[in-house]
>>> print(open('run_6.cif').read())   # mmCIF, C-alpha atoms
data_input
#
loop_
_atom_site.label_atom_id
_atom_site.label_comp_id
_atom_site.auth_asym_id
_atom_site.auth_seq_id
_atom_site.Cartn_x
_atom_site.Cartn_y
_atom_site.Cartn_z
CA MET A 199 90.70 -15.13 117.24
CA ALA A 200 92.89 -12.23 116.20
CA ASN A 201 91.29 -9.25 114.54
CA LEU A 202 91.45 -8.94 110.76
CA ARG A 203 94.21 -6.63 109.56
CA VAL A 204 92.76 -4.02 107.20
CA GLY A 205 94.37 -1.34 105.04
CA LEU A 206 92.76 1.70 103.43
CA ILE A 207 93.97 3.34 100.23
CA GLY A 208 92.42 6.67 99.27
CA LEU A 209 91.95 9.31 101.98
CA GLY A 210 89.63 11.71 100.20
CA MET A 211 85.94 12.45 100.83
CA MET A 212 84.89 8.79 101.04
CA GLY A 213 88.17 7.56 102.47
CA ARG A 214 87.76 9.63 105.61
CA HIS A 215 84.41 7.98 106.34
CA HIS A 216 85.81 4.52 105.68
CA ALA A 217 88.63 5.25 108.14
CA ARG A 218 86.17 6.32 110.85
CA VAL A 219 83.96 3.26 110.45
CA LEU A 220 86.88 0.83 110.25
CA ARG A 221 88.21 2.18 113.55
CA GLU A 222 84.80 1.62 115.18
CA LEU A 223 84.17 -1.84 113.70
CA PRO A 224 84.61 -4.85 116.03
CA GLY A 225 86.85 -7.61 114.73
CA VAL A 226 89.09 -5.50 112.52
CA ASP A 227 92.18 -3.36 113.06
CA LEU A 228 93.03 -0.52 110.71
CA ILE A 229 96.79 -1.01 110.49
CA ALA A 230 97.80 1.05 107.43
CA VAL A 231 96.57 3.88 105.20
CA ALA A 232 97.85 5.12 101.87
CA ASP A 233 97.30 8.03 99.51
CA ALA A 234 99.81 9.43 97.03
CA TYR A 235 98.31 12.90 97.59
CA GLY A 236 98.55 12.87 101.37
CA ASP A 237 95.89 13.10 104.07
CA PRO A 238 93.77 16.23 103.45
CA HIS A 239 91.22 15.39 106.16
CA GLY A 240 93.66 14.25 108.82
CA VAL A 241 92.24 10.75 109.20
CA ALA A 242 95.51 8.81 109.50
CA GLY A 243 95.90 9.53 113.21
CA GLN A 244 99.07 7.84 114.47
CA LEU A 245 99.50 5.83 111.26
CA PRO A 246 102.03 6.97 108.65
CA VAL A 247 100.52 7.90 105.29
CA LEU A 248 101.99 5.49 102.76
CA GLY A 249 102.40 6.48 99.13
CA SER A 250 101.32 3.43 97.14
CA VAL A 251 99.31 0.21 97.13
CA GLU A 252 102.58 -1.76 97.18
CA GLU A 253 103.59 -0.10 100.46
CA LEU A 254 100.13 -0.85 101.85
CA ILE A 255 100.38 -4.51 100.88
CA SER A 256 103.80 -4.79 102.54
CA LYS A 257 102.13 -4.27 105.94
CA GLY A 258 100.54 -7.72 105.76
CA LEU A 259 96.81 -7.28 105.14
CA ASP A 260 93.86 -9.62 105.40
CA MET A 261 91.50 -7.15 103.73
CA ALA A 262 91.54 -3.71 102.18
CA VAL A 263 89.28 -0.86 101.16
CA ALA A 264 90.07 1.04 97.97
CA ALA A 265 88.57 4.54 97.89
CA VAL A 266 90.79 5.86 95.12
CA PRO A 267 89.49 7.65 91.98
CA THR A 268 87.60 5.39 89.57
CA GLY A 269 90.41 5.42 87.01
CA MET A 270 92.70 3.77 89.56
CA HIS A 271 90.36 0.97 90.62
CA GLU A 272 91.76 -1.57 88.18
CA GLU A 273 95.42 -0.95 89.00
CA VAL A 274 94.91 -0.94 92.76
CA GLY A 275 92.43 -3.84 92.73
CA LEU A 276 94.64 -6.09 90.62
CA ALA A 277 97.62 -5.45 92.90
CA LEU A 278 95.56 -6.36 95.97
CA ALA A 279 94.19 -9.49 94.29
CA GLU A 280 97.70 -10.59 93.30
CA ALA A 281 98.72 -10.21 96.95
CA GLY A 282 95.76 -12.33 98.11
CA VAL A 283 93.95 -9.47 99.88
CA HIS A 284 90.15 -9.46 100.14
CA THR A 285 89.04 -6.06 98.82
CA LEU A 286 86.11 -3.67 98.92
CA VAL A 287 86.44 -1.16 96.08
CA GLU A 288 84.27 1.92 95.91
CA LYS A 289 81.67 2.07 93.15
CA PRO A 290 81.69 1.90 90.22
CA ILE A 291 83.81 -1.24 90.03
CA ALA A 292 86.04 0.33 87.37
CA ALA A 293 86.17 2.99 84.68
CA SER A 294 85.15 0.52 81.95
CA ALA A 295 83.44 -2.84 81.67
CA ASP A 296 86.63 -4.41 80.30
CA ALA A 297 88.54 -3.25 83.37
CA GLY A 298 85.72 -4.56 85.54
CA ARG A 299 85.94 -7.97 83.89
CA ARG A 300 89.65 -8.15 84.67
CA LEU A 301 88.93 -7.38 88.32
CA VAL A 302 86.19 -10.02 88.51
CA GLU A 303 88.52 -12.64 87.05
CA ALA A 304 91.39 -11.64 89.36
CA PHE A 305 89.33 -12.03 92.54
CA GLU A 306 87.16 -14.98 91.54
CA SER A 307 90.10 -17.03 90.26
CA ARG A 308 91.82 -16.66 93.64
CA ASN A 309 88.65 -17.33 95.69
CA LEU A 310 88.95 -13.89 97.26
CA VAL A 311 86.08 -11.72 98.47
CA GLY A 312 85.81 -8.90 95.97
CA ALA A 313 83.10 -6.38 96.85
CA VAL A 314 81.90 -3.08 95.39
CA GLY A 315 80.74 -0.18 97.55
CA HIS A 316 77.20 0.24 96.27
CA ILE A 317 76.19 1.62 99.65
CA GLU A 318 72.52 2.21 98.83
CA ARG A 319 71.84 -1.51 99.19
CA PHE A 320 72.66 -1.07 102.86
CA ASN A 321 70.36 1.89 103.39
CA PRO A 322 67.81 0.75 106.01
CA ALA A 323 64.86 2.04 103.99
CA LEU A 324 65.85 -0.02 100.95
CA GLN A 325 66.74 -3.09 103.01
CA SER A 326 63.29 -2.98 104.62
CA LEU A 327 61.68 -2.37 101.23
CA ARG A 328 63.33 -5.41 99.65
CA LYS A 329 62.14 -7.66 102.48
CA ARG A 330 58.60 -6.31 102.15
CA ILE A 331 58.59 -6.90 98.39
CA GLU A 332 59.83 -10.46 98.97
CA ALA A 333 57.08 -10.97 101.54
CA GLY A 334 54.44 -10.02 98.97
CA GLU A 335 53.32 -6.81 100.67
CA LEU A 336 53.18 -5.05 97.28
CA GLY A 337 51.94 -7.98 95.24
CA GLU A 338 53.19 -7.96 91.68
CA VAL A 339 55.73 -5.18 91.07
CA TYR A 340 54.98 -3.00 88.05
CA GLN A 341 57.56 -0.23 88.09
CA ILE A 342 60.64 1.04 89.92
CA ALA A 343 61.37 4.76 89.51
CA THR A 344 64.29 6.66 91.03
CA ARG A 345 65.21 10.32 91.37
CA ARG A 346 68.77 11.21 92.39
CA GLN A 347 69.44 14.90 92.00
CA GLY A 348 71.67 17.49 93.63
CA PRO A 349 74.59 19.92 93.24
CA PHE A 350 77.88 18.92 91.61
CA PRO A 351 80.29 17.15 94.03
CA SER A 352 83.80 18.53 93.77
CA ARG A 353 85.23 15.07 94.51
CA ILE A 354 84.30 13.75 91.05
CA ALA A 355 86.61 14.41 88.11
CA ASP A 356 87.08 11.26 86.02
CA VAL A 357 83.56 9.98 85.27
CA GLY A 358 80.17 11.49 84.51
CA VAL A 359 76.92 11.31 86.41
CA VAL A 360 75.89 8.00 84.81
CA LYS A 361 78.85 5.99 86.14
CA ASP A 362 78.98 7.86 89.43
CA LEU A 363 75.48 8.56 90.78
CA GLY A 364 73.58 6.58 88.15
CA THR A 365 75.18 3.28 89.11
CA HIS A 366 73.53 3.56 92.53
CA ASP A 367 70.10 3.49 90.90
CA ILE A 368 70.96 0.77 88.39
CA ASP A 369 72.23 -1.49 91.16
CA LEU A 370 69.45 -0.88 93.67
CA THR A 371 66.76 -1.32 91.01
CA ALA A 372 68.04 -4.72 89.88
CA TRP A 373 68.57 -5.73 93.51
CA LEU A 374 65.07 -4.72 94.65
CA ALA A 375 63.43 -6.48 91.71
CA GLN A 376 65.88 -9.41 91.82
CA SER A 377 66.16 -9.20 88.05
CA ARG A 378 68.76 -7.96 85.59
CA PHE A 379 68.20 -5.15 83.09
CA GLU A 380 67.07 -6.27 79.64
CA SER A 381 67.00 -2.95 77.76
CA ILE A 382 67.57 0.76 78.29
CA PHE A 383 66.88 4.04 76.51
CA ALA A 384 68.43 7.30 77.65
CA HIS A 385 69.13 10.96 77.01
CA VAL A 386 72.04 12.84 78.58
CA THR A 387 73.21 16.44 78.53
CA THR A 388 76.31 18.35 79.60
CA ARG A 389 75.62 21.80 81.00
CA SER A 390 78.41 22.48 83.49
CA GLY A 391 81.31 22.83 81.07
CA ARG A 392 82.98 19.61 82.20
CA PRO A 393 83.92 16.84 79.76
CA HIS A 394 81.38 14.32 81.08
CA GLU A 395 77.58 14.26 81.14
CA ASP A 396 75.96 15.79 84.20
CA MET A 397 72.29 14.90 83.63
CA VAL A 398 70.55 11.74 82.45
CA ALA A 399 66.98 10.57 81.97
CA ALA A 400 66.68 6.84 81.33
CA THR A 401 63.89 4.31 81.04
CA GLY A 402 64.34 0.57 80.93
CA GLN A 403 62.84 -2.85 81.34
CA LEU A 404 64.08 -5.70 83.49
CA GLU A 405 64.12 -9.33 82.43
CA ASN A 406 61.14 -10.03 84.71
CA GLY A 407 59.03 -7.38 82.95
CA VAL A 408 59.31 -4.57 85.54
CA ILE A 409 59.68 -1.18 83.88
CA THR A 410 62.09 1.40 85.28
CA ASN A 411 62.64 5.12 85.13
CA HIS A 412 65.66 7.06 86.38
CA LEU A 413 66.32 10.80 86.67
CA VAL A 414 69.87 11.60 87.78
CA ASN A 415 71.77 14.88 87.71
CA TRP A 416 74.39 17.13 89.27
CA LEU A 417 72.53 20.29 88.28
CA SER A 418 69.83 20.63 90.94
CA PRO A 419 70.12 23.06 93.86
CA MET A 420 68.19 20.61 96.08
CA LYS A 421 69.26 17.11 97.10
CA GLU A 422 66.80 14.34 96.33
CA ARG A 423 67.22 10.59 96.74
CA LEU A 424 63.93 8.79 96.12
CA THR A 425 63.02 5.26 95.08
CA ILE A 426 59.36 4.59 94.24
CA VAL A 427 58.18 1.01 93.74
CA THR A 428 54.65 0.65 92.38
CA GLY A 429 52.73 -2.64 92.37
CA GLU A 430 49.30 -4.15 92.47
CA LYS A 431 48.66 -3.28 96.13
CA GLY A 432 50.03 0.26 96.18
CA ALA A 433 53.40 1.99 96.21
CA PHE A 434 56.41 2.20 98.51
CA VAL A 435 58.43 5.42 98.62
CA ALA A 436 61.93 5.21 100.09
CA ASP A 437 63.84 8.39 100.88
CA THR A 438 67.45 7.33 101.30
CA VAL A 439 68.57 10.73 102.61
CA THR A 440 66.41 10.32 105.72
CA ALA A 441 66.05 6.50 105.50
CA ASP A 442 62.27 6.91 105.67
CA LEU A 443 59.95 4.34 104.10
CA THR A 444 56.30 5.14 103.37
CA PHE A 445 53.57 2.86 102.03
CA PHE A 446 50.72 4.31 99.96
CA GLU A 447 47.99 1.71 99.93
CA ASN A 448 45.49 1.28 97.13
CA GLY A 449 42.06 2.39 98.34
CA THR A 450 39.24 -0.03 99.04
CA VAL A 451 36.50 2.56 99.64
CA ALA A 452 34.29 3.20 96.62
CA THR A 453 34.29 6.84 95.49
CA GLU A 454 31.03 8.76 95.58
CA TRP A 455 32.25 11.48 93.22
CA GLU A 456 30.40 10.68 90.00
CA SER A 457 32.99 12.06 87.58
CA MET A 458 35.74 10.00 89.27
CA ALA A 459 33.73 6.82 89.73
CA ALA A 460 34.08 5.93 86.05
CA PHE A 461 37.89 5.90 86.30
CA ARG A 462 38.97 2.28 86.09
CA GLY A 463 42.18 2.52 88.12
CA VAL A 464 43.17 2.60 91.74
CA SER A 465 42.10 5.14 94.33
CA GLU A 466 43.92 6.61 97.30
CA GLY A 467 44.01 4.51 100.43
CA ASN A 468 45.85 4.75 103.71
CA MET A 469 49.35 6.20 103.87
CA THR A 470 51.69 4.68 106.46
CA ARG A 471 55.14 5.92 107.41
CA LEU A 472 56.82 2.75 108.58
CA ALA A 473 58.93 2.61 111.73
CA ILE A 474 62.29 0.99 110.95
CA ALA A 475 65.67 0.85 112.64
CA LYS A 476 68.22 3.18 111.02
CA PRO A 477 71.81 1.98 111.40
CA GLU A 478 74.46 3.83 109.38
CA PRO A 479 74.62 2.29 105.88
CA LEU A 480 78.42 2.48 105.66
CA ARG A 481 78.80 0.56 108.91
CA THR A 482 76.30 -2.06 107.72
CA GLU A 483 78.27 -2.38 104.47
CA HIS A 484 81.54 -2.87 106.36
CA GLU A 485 79.95 -5.45 108.66
CA ALA A 486 78.83 -7.40 105.59
CA PHE A 487 82.34 -7.22 104.08
CA ARG A 488 84.00 -8.32 107.34
CA ASP A 489 81.58 -11.23 107.72
CA ALA A 490 82.09 -12.30 104.10
CA VAL A 491 85.85 -12.42 104.69
CA LEU A 492 85.22 -14.51 107.80
CA GLY A 493 82.93 -16.82 105.82
CA LEU A 494 79.92 -16.06 108.02
CA ARG A 495 77.58 -14.73 105.32
CA ASN A 496 77.68 -13.38 101.80
CA ASP A 497 75.48 -10.35 101.24
CA VAL A 498 78.11 -7.98 99.89
CA VAL A 499 77.70 -6.47 96.43
CA THR A 500 79.99 -8.83 94.54
CA MET A 501 82.33 -7.65 91.84
CA ARG A 502 80.32 -9.62 89.30
CA GLU A 503 77.21 -7.70 90.34
CA GLY A 504 79.23 -4.49 90.16
CA LEU A 505 80.26 -5.46 86.63
CA ASP A 506 76.62 -6.05 85.64
CA THR A 507 75.79 -2.56 86.90
CA LEU A 508 78.66 -1.00 84.94
CA ILE A 509 77.57 -2.81 81.77
CA VAL A 510 74.10 -1.25 82.14
CA ALA A 511 75.69 2.17 82.72
CA GLU A 512 77.67 1.81 79.49
CA ALA A 513 74.46 0.80 77.71
CA VAL A 514 72.87 4.02 79.01
CA LEU A 515 75.71 6.04 77.47
CA GLU A 516 75.53 4.05 74.23
CA SER A 517 71.81 4.72 73.99
CA ALA A 518 72.37 8.43 74.56
CA ARG A 519 74.99 8.52 71.79
CA SER A 520 72.95 6.53 69.29
CA GLY A 521 69.47 7.79 70.13
CA GLN A 522 68.30 4.17 70.13
CA MET A 523 67.08 1.67 72.68
CA VAL A 524 69.96 -0.64 73.65
CA LYS A 525 69.69 -4.29 74.63
CA VAL A 526 71.86 -4.91 77.68
CA PRO A 527 74.55 -7.53 76.93
#
>>> encode(input="run_6.cif", output="structure tokens")
Amino acid sequence: MANLRVGLIGLGMMGRHHARVLRELPGVDLIAVADAYGDPHGVAGQLPVLGSVEELISKGLDMAVAAVPTGMHEEVGLALAEAGVHTLVEKPIAASADAGRRLVEAFESRNLVGAVGHIERFNPALQSLRKRIEAGELGEVYQIATRRQGPFPSRIADVGVVKDLGTHDIDLTAWLAQSRFESIFAHVTTRSGRPHEDMVAATGQLENGVITNHLVNWLSPMKERLTIVTGEKGAFVADTVTADLTFFENGTVATEWESMAAFRGVSEGNMTRLAIAKPEPLRTEHEAFRDAVLGLRNDVVTMREGLDTLIVAEAVLESARSGQMVKVP
């Protein structure tokens, strides 16, 4: 069977990585690239740099990756859907929930694979964690807390930290718990002089009763990417920078320290750093997209799931504006 013909639009910071992985991926051929602003990282190779999505479509594509700025996701995605091209669009799905709904309708109505690049789902630590939660290794899940902090990325100009970084945590939390968000309460602040928020603290509850907590900012000099899932048997800590997964087990040895013995909670048990395979998340994401286009499996982040995540992100911003808890639509 002939390889799938794939095009890439957007050759910036993420686009260059997509180009590299697409060239390495079995079963696909990168046949065209496009970016109205040129090729700053020199990833086109022997391919001409096209100037628009229309030029890209004219090359005859089976599938495409859109790594353009968020404000362009709707325009580019709708054009690709109209042309019958299966598409992976970088997260968030769009700049607004209304735009996201139009993308969902465009792809679903044509029975096309529409995927959103929420790459954290494909991080090996989180993939292992989800399987372990499903297998009952944690028992009942009580809480999912995330911390995603670091310096400001120069690549971001059109959205704030909630819709950019924060959507990672919203998506992975709902995915790990296999439950949608029910409510959210949040505070944001803007300290860098840019028009959008650059720090958020949010707490929420999922429909299955799990409580959540999220700290996200672009104001920290250190980079931190942690997901902590606490349940009746202990806690898992996933570091998605290193793809390490650690299990902190509830203790079973009775304490002999009199002042602590009266505490009616858990005690420290064994700590185990789990050995897991660590494939590159972006490659795993592209393999899932390719296989979905081929009809072999369907574990991409669908556009409808991407829309759900964006709706929660907008609820976070609404809560911050109003100072009230917001029920997620």
>>> residues_around(input="run_6.cif", residues="Val274 in chain A", least_positions_apart="2", cutoff="9 Å", atoms="all atoms listed in the file", output="PDB file with C-alpha atoms, keeping the file's coordinate frame")
ATOM      1  CA  ILE A 207      93.970   3.340 100.230  1.00  0.00           C
ATOM      2  CA  SER A 250     101.320   3.430  97.140  1.00  0.00           C
ATOM      3  CA  VAL A 251      99.310   0.210  97.130  1.00  0.00           C
ATOM      4  CA  GLU A 252     102.580  -1.760  97.180  1.00  0.00           C
ATOM      5  CA  ALA A 264      90.070   1.040  97.970  1.00  0.00           C
ATOM      6  CA  VAL A 266      90.790   5.860  95.120  1.00  0.00           C
ATOM      7  CA  MET A 270      92.700   3.770  89.560  1.00  0.00           C
ATOM      8  CA  HIS A 271      90.360   0.970  90.620  1.00  0.00           C
ATOM      9  CA  GLU A 272      91.760  -1.570  88.180  1.00  0.00           C
ATOM     10  CA  LEU A 276      94.640  -6.090  90.620  1.00  0.00           C
ATOM     11  CA  ALA A 277      97.620  -5.450  92.900  1.00  0.00           C
ATOM     12  CA  LEU A 278      95.560  -6.360  95.970  1.00  0.00           C
ATOM     13  CA  ALA A 279      94.190  -9.490  94.290  1.00  0.00           C
TER      14      ALA A 279
END
>>> resolve_selection(input="run_6.cif", expression="the PyMOL selection byres ((chain A and resi 236) around 8)", output="PDB file with C-alpha atoms, in the coordinates of the input")
ATOM      1  CA  LEU A 209      91.950   9.310 101.980  1.00  0.00           C
ATOM      2  CA  ALA A 232      97.850   5.120 101.870  1.00  0.00           C
ATOM      3  CA  ASP A 233      97.300   8.030  99.510  1.00  0.00           C
ATOM      4  CA  ALA A 234      99.810   9.430  97.030  1.00  0.00           C
ATOM      5  CA  TYR A 235      98.310  12.900  97.590  1.00  0.00           C
ATOM      6  CA  ASP A 237      95.890  13.100 104.070  1.00  0.00           C
ATOM      7  CA  PRO A 238      93.770  16.230 103.450  1.00  0.00           C
ATOM      8  CA  VAL A 247     100.520   7.900 105.290  1.00  0.00           C
ATOM      9  CA  GLY A 249     102.400   6.480  99.130  1.00  0.00           C
TER      10      GLY A 249
END
>>> closest_residue(input="run_6.cif", among="A:Glu273, A:Glu335, A:Glu422, A:Asp489", to="Thr438 in chain A", atoms="only C-alpha atoms")
A:Glu422
>>> atom_distance(input="run_6.cif", atom1="CA of Arg308 in chain A", atom2="CA of Ala230 in chain A")
23.2 Å
>>> resolve_selection(input="run_6.cif", expression="the PyMOL selection byres ((chain A and resi 378) around 12)", output="ChimeraX atom specification")
/A:368-377,379-382,402-410,503-507,509-510,525-527
>>> residues_around(input="run_6.cif", residues="Asn321 in chain A", least_positions_apart="2", cutoff="9 Å", atoms="only C-alpha atoms", output="count of residues only")
15
>>> resolve_selection(input="run_6.cif", expression="the PyMOL selection byres ((chain A and resi 521-523) around 10)", output="list in words")
Ser381, Ile382, Phe383, Ala384, His385, Thr401, Gly402, Ala513, Val514, Leu515, Glu516, Ser517, Ala518, Arg519, Ser520, Val524, Lys525 and Val526 of chain A
>>> closest_residue(input="run_6.cif", among="A:Thr268, A:Thr387, A:Asn448, A:Ser256", to="Ala281 in chain A", atoms="all atoms listed in the file")
A:Ser256
>>> residues_around(input="run_6.cif", residues="Thr344 in chain A", least_positions_apart="2", cutoff="8 Å", atoms="only C-alpha atoms", output="VMD selection string")
chain A and resid 342 346 367 411 to 413 423 to 426
>>> write_last_selection(input="run_6.cif", atoms="C-alpha atoms", output="compact mmCIF listing (two decimals), keeping the file's coordinate frame")
# COMPACT_ATOMS: atom_id res chain seq x y z
CA ILE A 342 60.64 1.04 89.92
CA ARG A 346 68.77 11.21 92.39
CA ASP A 367 70.10 3.49 90.90
CA ASN A 411 62.64 5.12 85.13
CA HIS A 412 65.66 7.06 86.38
CA LEU A 413 66.32 10.80 86.67
CA ARG A 423 67.22 10.59 96.74
CA LEU A 424 63.93 8.79 96.12
CA THR A 425 63.02 5.26 95.08
CA ILE A 426 59.36 4.59 94.24
>>> residues_around(input="run_6.cif", residues="Ile229 in chain A", least_positions_apart="3", cutoff="8 Å", atoms="only C-alpha atoms", output="list in words")
Arg203, Val204, Gly205, Leu245 and Lys257 of chain A
>>> atom_distance(input="run_6.cif", atom1="CA of Asp356 in chain A", atom2="CA of Ile291 in chain A")
13.5 Å
